[in-house]
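Asks: I'm passing along protein-v1.pdb; it holds PDB, C-alpha atoms, pLDDT in the B column.
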ATOM      1  CA  SER A  25      -1.298 -10.611-106.797  1.00 46.00           C
ATOM      2  CA  GLN A  26      -3.982  -9.726-109.329  1.00 51.00           C
ATOM      3  CA  GLN A  27      -7.440 -11.163-109.120  1.00 60.00           C
ATOM      4  CA  GLY A  28      -9.229  -9.721-112.098  1.00 66.00           C
ATOM      5  CA  GLU A  29      -8.535 -10.714-115.632  1.00 80.00           C
ATOM      6  CA  GLU A  30      -9.762  -8.623-118.527  1.00 82.00           C
ATOM      7  CA  ASP A  31     -10.586  -9.956-121.933  1.00 85.00           C
ATOM      8  CA  PRO A  32      -9.558  -9.106-124.580  1.00 91.00           C
ATOM      9  CA  GLN A  33      -6.089  -7.780-123.767  1.00 91.00           C
ATOM     10  CA  ALA A  34      -6.302  -5.433-126.743  1.00 94.00           C
ATOM     11  CA  LEU A  35      -9.196  -4.162-128.850  1.00 95.00           C
ATOM     12  CA  SER A  36      -9.124  -2.010-131.985  1.00 96.00           C
ATOM     13  CA  ILE A  37     -12.322  -0.506-133.379  1.00 96.00           C
ATOM     14  CA  GLN A  38     -13.559   2.342-135.562  1.00 97.00           C
ATOM     15  CA  GLU A  39     -15.235   5.455-134.222  1.00 97.00           C
ATOM     16  CA  GLY A  40     -18.946   4.923-133.776  1.00 97.00           C
ATOM     17  CA  GLU A  41     -18.656   1.214-133.046  1.00 97.00           C
ATOM     18  CA  ASN A  42     -19.363  -0.315-129.661  1.00 97.00           C
ATOM     19  CA  ALA A  43     -16.583  -1.739-127.490  1.00 97.00           C
ATOM     20  CA  THR A  44     -17.143  -4.569-125.033  1.00 97.00           C
ATOM     21  CA  MET A  45     -14.608  -5.582-122.414  1.00 96.00           C
ATOM     22  CA  ASN A  46     -15.006  -8.474-120.014  1.00 95.00           C
ATOM     23  CA  CYS A  47     -13.605  -9.075-116.567  1.00 94.00           C
ATOM     24  CA  SER A  48     -13.473 -12.239-114.493  1.00 94.00           C
ATOM     25  CA  TYR A  49     -12.524 -12.462-110.841  1.00 92.00           C
ATOM     26  CA  LYS A  50     -11.957 -15.164-108.271  1.00 90.00           C
ATOM     27  CA  THR A  51     -13.229 -14.299-104.795  1.00 86.00           C
ATOM     28  CA  SER A  52     -16.379 -12.753-103.322  1.00 86.00           C
ATOM     29  CA  ILE A  53     -16.642  -8.985-103.607  1.00 87.00           C
ATOM     30  CA  ASN A  54     -18.415  -5.989-102.091  1.00 86.00           C
ATOM     31  CA  ASN A  55     -18.387  -4.128-105.383  1.00 89.00           C
ATOM     32  CA  LEU A  56     -16.616  -3.997-108.715  1.00 92.00           C
ATOM     33  CA  GLN A  57     -15.278  -0.844-110.284  1.00 93.00           C
ATOM     34  CA  TRP A  58     -14.065   0.099-113.756  1.00 95.00           C
ATOM     35  CA  TYR A  59     -11.267   2.593-114.315  1.00 95.00           C
ATOM     36  CA  ARG A  60      -9.705   4.211-117.372  1.00 96.00           C
ATOM     37  CA  GLN A  61      -6.027   5.069-117.661  1.00 95.00           C
ATOM     38  CA  ASN A  62      -4.380   7.238-120.268  1.00 90.00           C
ATOM     39  CA  SER A  63      -0.656   7.029-120.985  1.00 78.00           C
ATOM     40  CA  GLY A  64       0.137   4.861-117.959  1.00 63.00           C
ATOM     41  CA  ARG A  65      -0.549   7.561-115.378  1.00 72.00           C
ATOM     42  CA  GLY A  66      -3.552   8.452-113.195  1.00 82.00           C
ATOM     43  CA  LEU A  67      -6.641   6.279-113.205  1.00 93.00           C
ATOM     44  CA  VAL A  68     -10.054   7.822-113.744  1.00 94.00           C
ATOM     45  CA  HIS A  69     -12.998   6.199-112.005  1.00 94.00           C
ATOM     46  CA  LEU A  70     -15.763   5.305-114.462  1.00 96.00           C
ATOM     47  CA  ILE A  71     -18.429   3.364-112.636  1.00 95.00           C
ATOM     48  CA  LEU A  72     -19.031   1.271-109.514  1.00 93.00           C
ATOM     49  CA  ILE A  73     -21.458  -1.615-109.392  1.00 94.00           C
ATOM     50  CA  ARG A  74     -22.356  -3.208-106.073  1.00 92.00           C
ATOM     51  CA  SER A  75     -22.564  -6.941-105.549  1.00 92.00           C
ATOM     52  CA  ASN A  76     -26.366  -6.812-105.306  1.00 95.00           C
ATOM     53  CA  GLU A  77     -26.725  -4.939-108.605  1.00 97.00           C
ATOM     54  CA  ARG A  78     -26.843  -6.571-112.023  1.00 97.00           C
ATOM     55  CA  GLU A  79     -26.612  -3.651-114.414  1.00 98.00           C
ATOM     56  CA  LYS A  80     -25.678   0.013-114.257  1.00 97.00           C
ATOM     57  CA  HIS A  81     -25.552   2.821-116.806  1.00 96.00           C
ATOM     58  CA  SER A  82     -23.588   6.042-116.948  1.00 95.00           C
ATOM     59  CA  GLY A  83     -23.770   8.050-120.163  1.00 96.00           C
ATOM     60  CA  ARG A  84     -22.342   5.853-122.937  1.00 97.00           C
ATOM     61  CA  LEU A  85     -21.189   3.243-120.432  1.00 97.00           C
ATOM     62  CA  ARG A  86     -23.097   0.122-119.467  1.00 98.00           C
ATOM     63  CA  VAL A  87     -21.757  -2.300-116.872  1.00 98.00           C
ATOM     64  CA  THR A  88     -23.145  -5.695-116.005  1.00 98.00           C
ATOM     65  CA  LEU A  89     -22.252  -7.930-113.099  1.00 97.00           C
ATOM     66  CA  ASP A  90     -22.886 -11.661-112.754  1.00 96.00           C
ATOM     67  CA  THR A  91     -21.778 -12.747-109.295  1.00 94.00           C
ATOM     68  CA  SER A  92     -22.668 -16.387-109.979  1.00 94.00           C
ATOM     69  CA  LYS A  93     -20.160 -16.442-112.829  1.00 95.00           C
ATOM     70  CA  LYS A  94     -17.817 -13.972-111.106  1.00 94.00           C
ATOM     71  CA  SER A  95     -17.728 -11.823-114.203  1.00 95.00           C
ATOM     72  CA  SER A  96     -18.473  -8.291-115.352  1.00 96.00           C
ATOM     73  CA  SER A  97     -18.613  -6.523-118.683  1.00 97.00           C
ATOM     74  CA  LEU A  98     -18.116  -2.915-119.710  1.00 97.00           C
ATOM     75  CA  LEU A  99     -19.827  -1.709-122.870  1.00 98.00           C
ATOM     76  CA  ILE A 100     -18.888   1.634-124.414  1.00 98.00           C
ATOM     77  CA  THR A 101     -21.412   2.660-127.040  1.00 97.00           C
ATOM     78  CA  ALA A 102     -20.744   4.938-130.016  1.00 97.00           C
ATOM     79  CA  SER A 103     -17.018   5.027-129.303  1.00 97.00           C
ATOM     80  CA  ARG A 104     -14.886   8.102-129.949  1.00 97.00           C
ATOM     81  CA  ALA A 105     -11.181   8.548-130.566  1.00 96.00           C
ATOM     82  CA  ALA A 106     -10.964  10.086-127.083  1.00 94.00           C
ATOM     83  CA  ASP A 107     -12.010   6.709-125.614  1.00 96.00           C
ATOM     84  CA  THR A 108      -8.589   5.344-126.567  1.00 96.00           C
ATOM     85  CA  ALA A 109      -7.057   4.215-123.267  1.00 96.00           C
ATOM     86  CA  SER A 110      -6.479   1.213-121.027  1.00 95.00           C
ATOM     87  CA  TYR A 111      -9.486  -0.017-119.079  1.00 96.00           C
ATOM     88  CA  PHE A 112      -9.218  -1.901-115.803  1.00 95.00           C
ATOM     89  CA  CYS A 113     -11.714  -3.692-113.656  1.00 94.00           C
ATOM     90  CA  ALA A 114     -11.055  -3.736-109.936  1.00 93.00           C
ATOM     91  CA  THR A 115     -12.741  -5.741-107.233  1.00 91.00           C
ATOM     92  CA  ASP A 116     -13.204  -4.225-103.810  1.00 84.00           C
ATOM     93  CA  SER A 117     -13.090  -6.579-100.872  1.00 71.00           C
ATOM     94  CA  GLY A 118     -13.507  -3.783 -98.339  1.00 74.00           C
ATOM     95  CA  THR A 119      -9.946  -2.561 -98.056  1.00 77.00           C
ATOM     96  CA  ALA A 120      -7.872  -2.716-101.215  1.00 86.00           C
ATOM     97  CA  LEU A 121      -8.816  -2.715-104.872  1.00 90.00           C
ATOM     98  CA  ILE A 122      -7.529  -5.727-106.766  1.00 91.00           C
ATOM     99  CA  PHE A 123      -6.941  -4.855-110.416  1.00 92.00           C
ATOM    100  CA  GLY A 124      -6.699  -6.961-113.532  1.00 89.00           C
ATOM    101  CA  LYS A 125      -4.094  -6.422-116.240  1.00 90.00           C
ATOM    102  CA  GLY A 126      -6.431  -4.290-118.307  1.00 93.00           C
ATOM    103  CA  THR A 127      -7.756  -4.036-121.831  1.00 95.00           C
ATOM    104  CA  THR A 128      -6.063  -1.606-124.203  1.00 95.00           C
ATOM    105  CA  LEU A 129      -8.695   0.013-126.393  1.00 96.00           C
ATOM    106  CA  SER A 130      -7.745   1.819-129.583  1.00 96.00           C
ATOM    107  CA  VAL A 131     -10.438   3.805-131.410  1.00 97.00           C
ATOM    108  CA  SER A 132      -9.488   5.086-134.825  1.00 96.00           C
ATOM    109  CA  SER A 133     -11.283   7.851-136.680  1.00 89.00           C
TER     110      SER A 133
ATOM    111  CA  GLY B  14      -7.030  20.876-103.612  1.00 52.00           C
ATOM    112  CA  ALA B  15      -9.498  19.526-106.100  1.00 79.00           C
ATOM    113  CA  GLY B  16      -7.912  16.120-106.456  1.00 94.00           C
ATOM    114  CA  VAL B  17      -5.202  13.827-105.184  1.00 97.00           C
ATOM    115  CA  SER B  18      -1.737  15.201-105.806  1.00 97.00           C
ATOM    116  CA  GLN B  19       1.583  13.376-105.769  1.00 97.00           C
ATOM    117  CA  THR B  20       5.128  14.646-105.719  1.00 97.00           C
ATOM    118  CA  PRO B  21       7.507  14.322-107.366  1.00 97.00           C
ATOM    119  CA  SER B  22       5.979  13.365-110.693  1.00 96.00           C
ATOM    120  CA  ASN B  23       9.234  11.699-111.693  1.00 97.00           C
ATOM    121  CA  LYS B  24      12.130  10.459-109.600  1.00 97.00           C
ATOM    122  CA  VAL B  25      15.417   8.996-110.837  1.00 98.00           C
ATOM    123  CA  THR B  26      17.699   7.472-108.257  1.00 97.00           C
ATOM    124  CA  GLU B  27      20.615   5.093-108.021  1.00 97.00           C
ATOM    125  CA  LYS B  28      20.490   1.563-106.708  1.00 97.00           C
ATOM    126  CA  GLY B  29      20.899   1.538-102.943  1.00 97.00           C
ATOM    127  CA  LYS B  30      19.585   5.054-102.346  1.00 98.00           C
ATOM    128  CA  TYR B  31      16.635   6.069-100.168  1.00 98.00           C
ATOM    129  CA  VAL B  32      13.556   7.743-101.670  1.00 98.00           C
ATOM    130  CA  GLU B  33      10.415   9.368-100.329  1.00 98.00           C
ATOM    131  CA  LEU B  34       7.220   9.757-102.333  1.00 98.00           C
ATOM    132  CA  ARG B  35       4.497  12.113-101.143  1.00 98.00           C
ATOM    133  CA  CYS B  36       0.726  11.968-101.492  1.00 98.00           C
ATOM    134  CA  ASP B  37      -1.789  14.728-100.701  1.00 98.00           C
ATOM    135  CA  PRO B  38      -5.288  13.211-100.594  1.00 98.00           C
ATOM    136  CA  ILE B  39      -8.555  14.955-101.267  1.00 97.00           C
ATOM    137  CA  SER B  40      -9.450  17.111 -98.286  1.00 95.00           C
ATOM    138  CA  GLY B  41     -11.700  15.293 -95.853  1.00 94.00           C
ATOM    139  CA  HIS B  42     -10.918  11.809 -97.161  1.00 96.00           C
ATOM    140  CA  THR B  43     -10.067   9.543 -94.259  1.00 96.00           C
ATOM    141  CA  ALA B  44      -8.901   6.571 -96.325  1.00 96.00           C
ATOM    142  CA  LEU B  45      -5.646   6.620 -98.290  1.00 97.00           C
ATOM    143  CA  TYR B  46      -4.122   3.890-100.434  1.00 97.00           C
ATOM    144  CA  TRP B  47      -0.783   3.260-102.126  1.00 98.00           C
ATOM    145  CA  TYR B  48      -0.467   1.101-105.238  1.00 97.00           C
ATOM    146  CA  ARG B  49       2.438   0.201-107.507  1.00 97.00           C
ATOM    147  CA  GLN B  50       2.069  -0.318-111.251  1.00 95.00           C
ATOM    148  CA  SER B  51       4.679  -1.972-113.438  1.00 93.00           C
ATOM    149  CA  LEU B  52       4.687  -1.612-117.201  1.00 89.00           C
ATOM    150  CA  GLY B  53       1.868  -3.539-118.835  1.00 87.00           C
ATOM    151  CA  GLN B  54       0.290  -4.522-115.533  1.00 90.00           C
ATOM    152  CA  GLY B  55      -2.589  -3.284-113.448  1.00 92.00           C
ATOM    153  CA  PRO B  56      -1.925  -1.459-110.181  1.00 94.00           C
ATOM    154  CA  GLU B  57      -0.988  -3.652-107.230  1.00 95.00           C
ATOM    155  CA  PHE B  58      -2.048  -2.767-103.709  1.00 95.00           C
ATOM    156  CA  LEU B  59       0.658  -1.831-101.222  1.00 97.00           C
ATOM    157  CA  ILE B  60      -0.928  -0.293 -98.106  1.00 97.00           C
ATOM    158  CA  TYR B  61      -4.190   1.226 -96.844  1.00 96.00           C
ATOM    159  CA  PHE B  62      -4.549   3.890 -94.154  1.00 96.00           C
ATOM    160  CA  GLN B  63      -7.725   4.682 -92.268  1.00 95.00           C
ATOM    161  CA  GLY B  64      -6.911   7.931 -90.511  1.00 94.00           C
ATOM    162  CA  THR B  65      -3.393   7.833 -89.128  1.00 95.00           C
ATOM    163  CA  GLY B  66      -3.085   4.084 -88.844  1.00 93.00           C
ATOM    164  CA  ALA B  67      -2.173   1.471 -91.427  1.00 94.00           C
ATOM    165  CA  ALA B  68      -5.286  -0.703 -91.559  1.00 92.00           C
ATOM    166  CA  ASP B  69      -3.787  -3.107 -94.093  1.00 93.00           C
ATOM    167  CA  ASP B  70      -0.119  -3.264 -95.098  1.00 94.00           C
ATOM    168  CA  SER B  71      -0.225  -6.751 -96.553  1.00 93.00           C
ATOM    169  CA  GLY B  72       0.818  -5.536 -99.992  1.00 94.00           C
ATOM    170  CA  LEU B  73       4.176  -4.116 -98.974  1.00 96.00           C
ATOM    171  CA  PRO B  74       6.699  -6.380-100.734  1.00 95.00           C
ATOM    172  CA  ASN B  75       9.360  -6.374 -98.006  1.00 95.00           C
ATOM    173  CA  ASP B  76      10.710  -4.378 -95.059  1.00 95.00           C
ATOM    174  CA  ARG B  77      12.473  -1.890 -97.339  1.00 97.00           C
ATOM    175  CA  PHE B  78       9.062  -0.324 -97.919  1.00 98.00           C
ATOM    176  CA  PHE B  79       7.384   1.780 -95.249  1.00 97.00           C
ATOM    177  CA  ALA B  80       4.621   4.380 -95.268  1.00 98.00           C
ATOM    178  CA  VAL B  81       3.379   6.920 -92.768  1.00 97.00           C
ATOM    179  CA  ARG B  82       0.421   9.253 -92.392  1.00 97.00           C
ATOM    180  CA  PRO B  83       1.146  11.016 -89.093  1.00 96.00           C
ATOM    181  CA  GLU B  84      -1.708  13.551 -89.118  1.00 95.00           C
ATOM    182  CA  GLY B  85      -4.267  11.583 -91.075  1.00 93.00           C
ATOM    183  CA  SER B  86      -3.841  13.636 -94.236  1.00 96.00           C
ATOM    184  CA  VAL B  87      -0.570  13.674 -96.193  1.00 97.00           C
ATOM    185  CA  SER B  88       1.180  10.335 -96.566  1.00 98.00           C
ATOM    186  CA  THR B  89       4.779   9.492 -97.416  1.00 98.00           C
ATOM    187  CA  LEU B  90       5.912   6.213 -98.944  1.00 98.00           C
ATOM    188  CA  LYS B  91       9.521   5.492 -98.059  1.00 98.00           C
ATOM    189  CA  ILE B  92      11.761   3.024 -99.879  1.00 98.00           C
ATOM    190  CA  GLN B  93      15.144   2.114 -98.427  1.00 97.00           C
ATOM    191  CA  ARG B  94      18.080   0.611-100.330  1.00 97.00           C
ATOM    192  CA  THR B  95      16.270   0.896-103.648  1.00 98.00           C
ATOM    193  CA  GLU B  96      16.661  -1.868-106.205  1.00 97.00           C
ATOM    194  CA  ARG B  97      16.194  -1.761-109.975  1.00 97.00           C
ATOM    195  CA  GLY B  98      13.083  -3.906-109.547  1.00 96.00           C
ATOM    196  CA  ASP B  99      11.468  -1.084-107.565  1.00 97.00           C
ATOM    197  CA  SER B 100      11.167   0.926-110.793  1.00 97.00           C
ATOM    198  CA  ALA B 101       7.463   1.498-111.399  1.00 97.00           C
ATOM    199  CA  VAL B 102       4.717   4.095-111.186  1.00 96.00           C
ATOM    200  CA  TYR B 103       3.597   4.571-107.596  1.00 97.00           C
ATOM    201  CA  LEU B 104      -0.041   5.594-107.369  1.00 97.00           C
ATOM    202  CA  CYS B 105      -1.873   7.076-104.421  1.00 97.00           C
ATOM    203  CA  ALA B 106      -5.647   7.119-104.005  1.00 96.00           C
ATOM    204  CA  SER B 107      -8.038   8.431-101.407  1.00 96.00           C
ATOM    205  CA  SER B 108     -11.672   7.827-100.555  1.00 93.00           C
ATOM    206  CA  LEU B 109     -14.148   9.407 -98.169  1.00 93.00           C
ATOM    207  CA  THR B 110     -13.879   6.324 -96.027  1.00 89.00           C
ATOM    208  CA  GLY B 111     -12.923   2.717 -96.565  1.00 84.00           C
ATOM    209  CA  GLY B 112     -14.957   0.829 -99.155  1.00 79.00           C
ATOM    210  CA  GLN B 113     -15.982   3.931-101.089  1.00 83.00           C
ATOM    211  CA  THR B 114     -14.927   5.057-104.568  1.00 87.00           C
ATOM    212  CA  GLN B 115     -11.179   5.614-104.729  1.00 91.00           C
ATOM    213  CA  TYR B 116      -9.822   8.683-106.521  1.00 93.00           C
ATOM    214  CA  PHE B 117      -6.323   8.374-107.883  1.00 95.00           C
ATOM    215  CA  GLY B 118      -3.483  10.842-108.174  1.00 96.00           C
ATOM    216  CA  PRO B 119      -1.300  11.157-111.302  1.00 95.00           C
ATOM    217  CA  GLY B 120       1.393   8.913-109.847  1.00 96.00           C
ATOM    218  CA  THR B 121       5.130   9.158-109.299  1.00 97.00           C
ATOM    219  CA  ARG B 122       7.281   7.434-111.905  1.00 96.00           C
ATOM    220  CA  LEU B 123      10.294   5.983-110.086  1.00 98.00           C
ATOM    221  CA  LEU B 124      13.340   4.859-112.029  1.00 98.00           C
ATOM    222  CA  VAL B 125      16.150   3.112-110.189  1.00 98.00           C
ATOM    223  CA  LEU B 126      19.374   2.997-112.193  1.00 97.00           C
TER     224      LEU B 126
END
Would you mind giving the structure from this file in structure tokens?
Replies:
Amino acid sequence: SQQGEEDPQALSIQEGENATMNCSYKTSINNLQWYRQNSGRGLVHLILIRSNEREKHSGRLRVTLDTSKKSSSLLITASRAADTASYFCATDSGTALIFGKGTTLSVSS
Amino acid sequence: GAGVSQTPSNKVTEKGKYVELRCDPISGHTALYWYRQSLGQGPEFLIYFQGTGAADDSGLPNDRFFAVRPEGSVSTLKIQRTERGDSAVYLCASSLTGGQTQYFGPGTRLLVL
């Protein structure tokens, strides 16, 4: 079963614009992680935010976490064509990661 | 190796056959995970090993699926009597220990004809 749900399912933007993806989940978590996947193969870990953190930055990425609303957002600033990929949030309950269905981001130059 | 590796990268088999998928985790990582990803979906958890033992196998869909990690490093996912519905990308991940960042391999794309 899948716990997380990303919104929107698909997002198309121009290079240089910002992209925001949202994730909602259902149960309590230890941490929430965001992954990127190109061409349906290996997932690349982007950022991990712990349940006691509210915001985290890594380069052009900014992640927020609101445990009261059971939601998270991923912001990619100044997007590039190379950011084109599927993005997944995953909640970590201590053993497995529970993934959403993902947001497909398309950045055109 | 530098990352998680999986072999084969692609596997085509016929309905009813037996298949084995291999995962080599990052050296020193005690935790190993198997996931399955169908087209258009996120990965779904299958099984988690801590060392040699399966700490959580609640994601295995039925008794045709089995995984081992006899020496606490390499793991093999075994699927008996394959069905067309087993077609998916099978992903392996490892982490230093449970609850840490998981690093994924490139996956094995399984096609059951």
Asks: Go through the shown structure with the PyMOL selection byres ((chain B) within 12 of (chain A)) and write out the matching residues as a PDB file with C-alpha atoms, in the coordinates of the input.
Replies:
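File produced: out_17.pdb:
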ATOM      1  CA  GLY B  16      -7.912  16.120-106.456  1.00 94.00           C
ATOM      2  CA  VAL B  17      -5.202  13.827-105.184  1.00 97.00           C
ATOM      3  CA  SER B  18      -1.737  15.201-105.806  1.00 97.00           C
ATOM      4  CA  GLN B  19       1.583  13.376-105.769  1.00 97.00           C
ATOM      5  CA  SER B  22       5.979  13.365-110.693  1.00 96.00           C
ATOM      6  CA  ASN B  23       9.234  11.699-111.693  1.00 97.00           C
ATOM      7  CA  ALA B  44      -8.901   6.571 -96.325  1.00 96.00           C
ATOM      8  CA  LEU B  45      -5.646   6.620 -98.290  1.00 97.00           C
ATOM      9  CA  TYR B  46      -4.122   3.890-100.434  1.00 97.00           C
ATOM     10  CA  TRP B  47      -0.783   3.260-102.126  1.00 98.00           C
ATOM     11  CA  TYR B  48      -0.467   1.101-105.238  1.00 97.00           C
ATOM     12  CA  ARG B  49       2.438   0.201-107.507  1.00 97.00           C
ATOM     13  CA  GLN B  50       2.069  -0.318-111.251  1.00 95.00           C
ATOM     14  CA  SER B  51       4.679  -1.972-113.438  1.00 93.00           C
ATOM     15  CA  LEU B  52       4.687  -1.612-117.201  1.00 89.00           C
ATOM     16  CA  GLY B  53       1.868  -3.539-118.835  1.00 87.00           C
ATOM     17  CA  GLN B  54       0.290  -4.522-115.533  1.00 90.00           C
ATOM     18  CA  GLY B  55      -2.589  -3.284-113.448  1.00 92.00           C
ATOM     19  CA  PRO B  56      -1.925  -1.459-110.181  1.00 94.00           C
ATOM     20  CA  GLU B  57      -0.988  -3.652-107.230  1.00 95.00           C
ATOM     21  CA  PHE B  58      -2.048  -2.767-103.709  1.00 95.00           C
ATOM     22  CA  LEU B  59       0.658  -1.831-101.222  1.00 97.00           C
ATOM     23  CA  ILE B  60      -0.928  -0.293 -98.106  1.00 97.00           C
ATOM     24  CA  TYR B  61      -4.190   1.226 -96.844  1.00 96.00           C
ATOM     25  CA  PHE B  62      -4.549   3.890 -94.154  1.00 96.00           C
ATOM     26  CA  GLN B  63      -7.725   4.682 -92.268  1.00 95.00           C
ATOM     27  CA  ALA B  67      -2.173   1.471 -91.427  1.00 94.00           C
ATOM     28  CA  ALA B  68      -5.286  -0.703 -91.559  1.00 92.00           C
ATOM     29  CA  ASP B  69      -3.787  -3.107 -94.093  1.00 93.00           C
ATOM     30  CA  ASP B  70      -0.119  -3.264 -95.098  1.00 94.00           C
ATOM     31  CA  SER B  71      -0.225  -6.751 -96.553  1.00 93.00           C
ATOM     32  CA  GLY B  72       0.818  -5.536 -99.992  1.00 94.00           C
ATOM     33  CA  LEU B  73       4.176  -4.116 -98.974  1.00 96.00           C
ATOM     34  CA  PRO B  74       6.699  -6.380-100.734  1.00 95.00           C
ATOM     35  CA  ALA B 101       7.463   1.498-111.399  1.00 97.00           C
ATOM     36  CA  VAL B 102       4.717   4.095-111.186  1.00 96.00           C
ATOM     37  CA  TYR B 103       3.597   4.571-107.596  1.00 97.00           C
ATOM     38  CA  LEU B 104      -0.041   5.594-107.369  1.00 97.00           C
ATOM     39  CA  CYS B 105      -1.873   7.076-104.421  1.00 97.00           C
ATOM     40  CA  ALA B 106      -5.647   7.119-104.005  1.00 96.00           C
ATOM     41  CA  SER B 107      -8.038   8.431-101.407  1.00 96.00           C
ATOM     42  CA  SER B 108     -11.672   7.827-100.555  1.00 93.00           C
ATOM     43  CA  THR B 110     -13.879   6.324 -96.027  1.00 89.00           C
ATOM     44  CA  GLY B 111     -12.923   2.717 -96.565  1.00 84.00           C
ATOM     45  CA  GLY B 112     -14.957   0.829 -99.155  1.00 79.00           C
ATOM     46  CA  GLN B 113     -15.982   3.931-101.089  1.00 83.00           C
ATOM     47  CA  THR B 114     -14.927   5.057-104.568  1.00 87.00           C
ATOM     48  CA  GLN B 115     -11.179   5.614-104.729  1.00 91.00           C
ATOM     49  CA  TYR B 116      -9.822   8.683-106.521  1.00 93.00           C
ATOM     50  CA  PHE B 117      -6.323   8.374-107.883  1.00 95.00           C
ATOM     51  CA  GLY B 118      -3.483  10.842-108.174  1.00 96.00           C
ATOM     52  CA  PRO B 119      -1.300  11.157-111.302  1.00 95.00           C
ATOM     53  CA  GLY B 120       1.393   8.913-109.847  1.00 96.00           C
ATOM     54  CA  THR B 121       5.130   9.158-109.299  1.00 97.00           C
ATOM     55  CA  ARG B 122       7.281   7.434-111.905  1.00 96.00           C
TER      56      ARG B 122
END
Asks: For the point (-23.4, -5.1, -114.9) in file coordinates, what residues are within 7 Å, counting only C-alpha atoms? Give the answer as a list in words?
Replies: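 Taken together, the residues in range are Ile73, Arg78, Glu79, Lys80, Arg86, Val87, Thr88, Leu89, Asp90, Ser96 and Ser97 of chain A.
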Asks: Deliver the residues from the most recent selection as a file, using C-alpha atoms, as a PDB file, in the coordinates of the input.
Replies:
ATOM      1  CA  ILE A  73     -21.458  -1.615-109.392  1.00 94.00           C
ATOM      2  CA  ARG A  78     -26.843  -6.571-112.023  1.00 97.00           C
ATOM      3  CA  GLU A  79     -26.612  -3.651-114.414  1.00 98.00           C
ATOM      4  CA  LYS A  80     -25.678   0.013-114.257  1.00 97.00           C
ATOM      5  CA  ARG A  86     -23.097   0.122-119.467  1.00 98.00           C
ATOM      6  CA  VAL A  87     -21.757  -2.300-116.872  1.00 98.00           C
ATOM      7  CA  THR A  88     -23.145  -5.695-116.005  1.00 98.00           C
ATOM      8  CA  LEU A  89     -22.252  -7.930-113.099  1.00 97.00           C
ATOM      9  CA  ASP A  90     -22.886 -11.661-112.754  1.00 96.00           C
ATOM     10  CA  SER A  96     -18.473  -8.291-115.352  1.00 96.00           C
ATOM     11  CA  SER A  97     -18.613  -6.523-118.683  1.00 97.00           C
TER      12      SER A  97
END
Asks: Can you tell me which residues surround B:Thr65 at a distance of at most 6 Å, considering all atoms listed in the file, apart from same-chain residues fewer than 2 positions away, and format the answer as a JSON list (two decimals) with C-alpha atoms, in the coordinates of the input?
Replies:
[["chain", "number", "residue", "atom", "x", "y", "z"],
["B", 82, "ARG", "CA", 0.42, 9.25, -92.39],
["B", 83, "PRO", "CA", 1.15, 11.02, -89.09],
["B", 84, "GLU", "CA", -1.71, 13.55, -89.12],
["B", 85, "GLY", "CA", -4.27, 11.58, -91.08]]
Asks: When the PyMOL selection byres ((chain A and resi 36-44) around 12) is applied to the file above, which residues end up in the set, as a ChimeraX atom specification?
Replies: /A:30-35,45-47,84-88,96-111,127-133
Asks: Report, as JSON, the axis-aligned box around all atoms of stretch 80-87 of chain B present in the file, extended by 8 Å on each side; give centre and edge lengths in Å to one decimal place.
Replies:
{"center_x": 0.2, "center_y": 9.0, "center_z": -92.6, "size_x": 24.9, "size_y": 25.3, "size_z": 23.1}
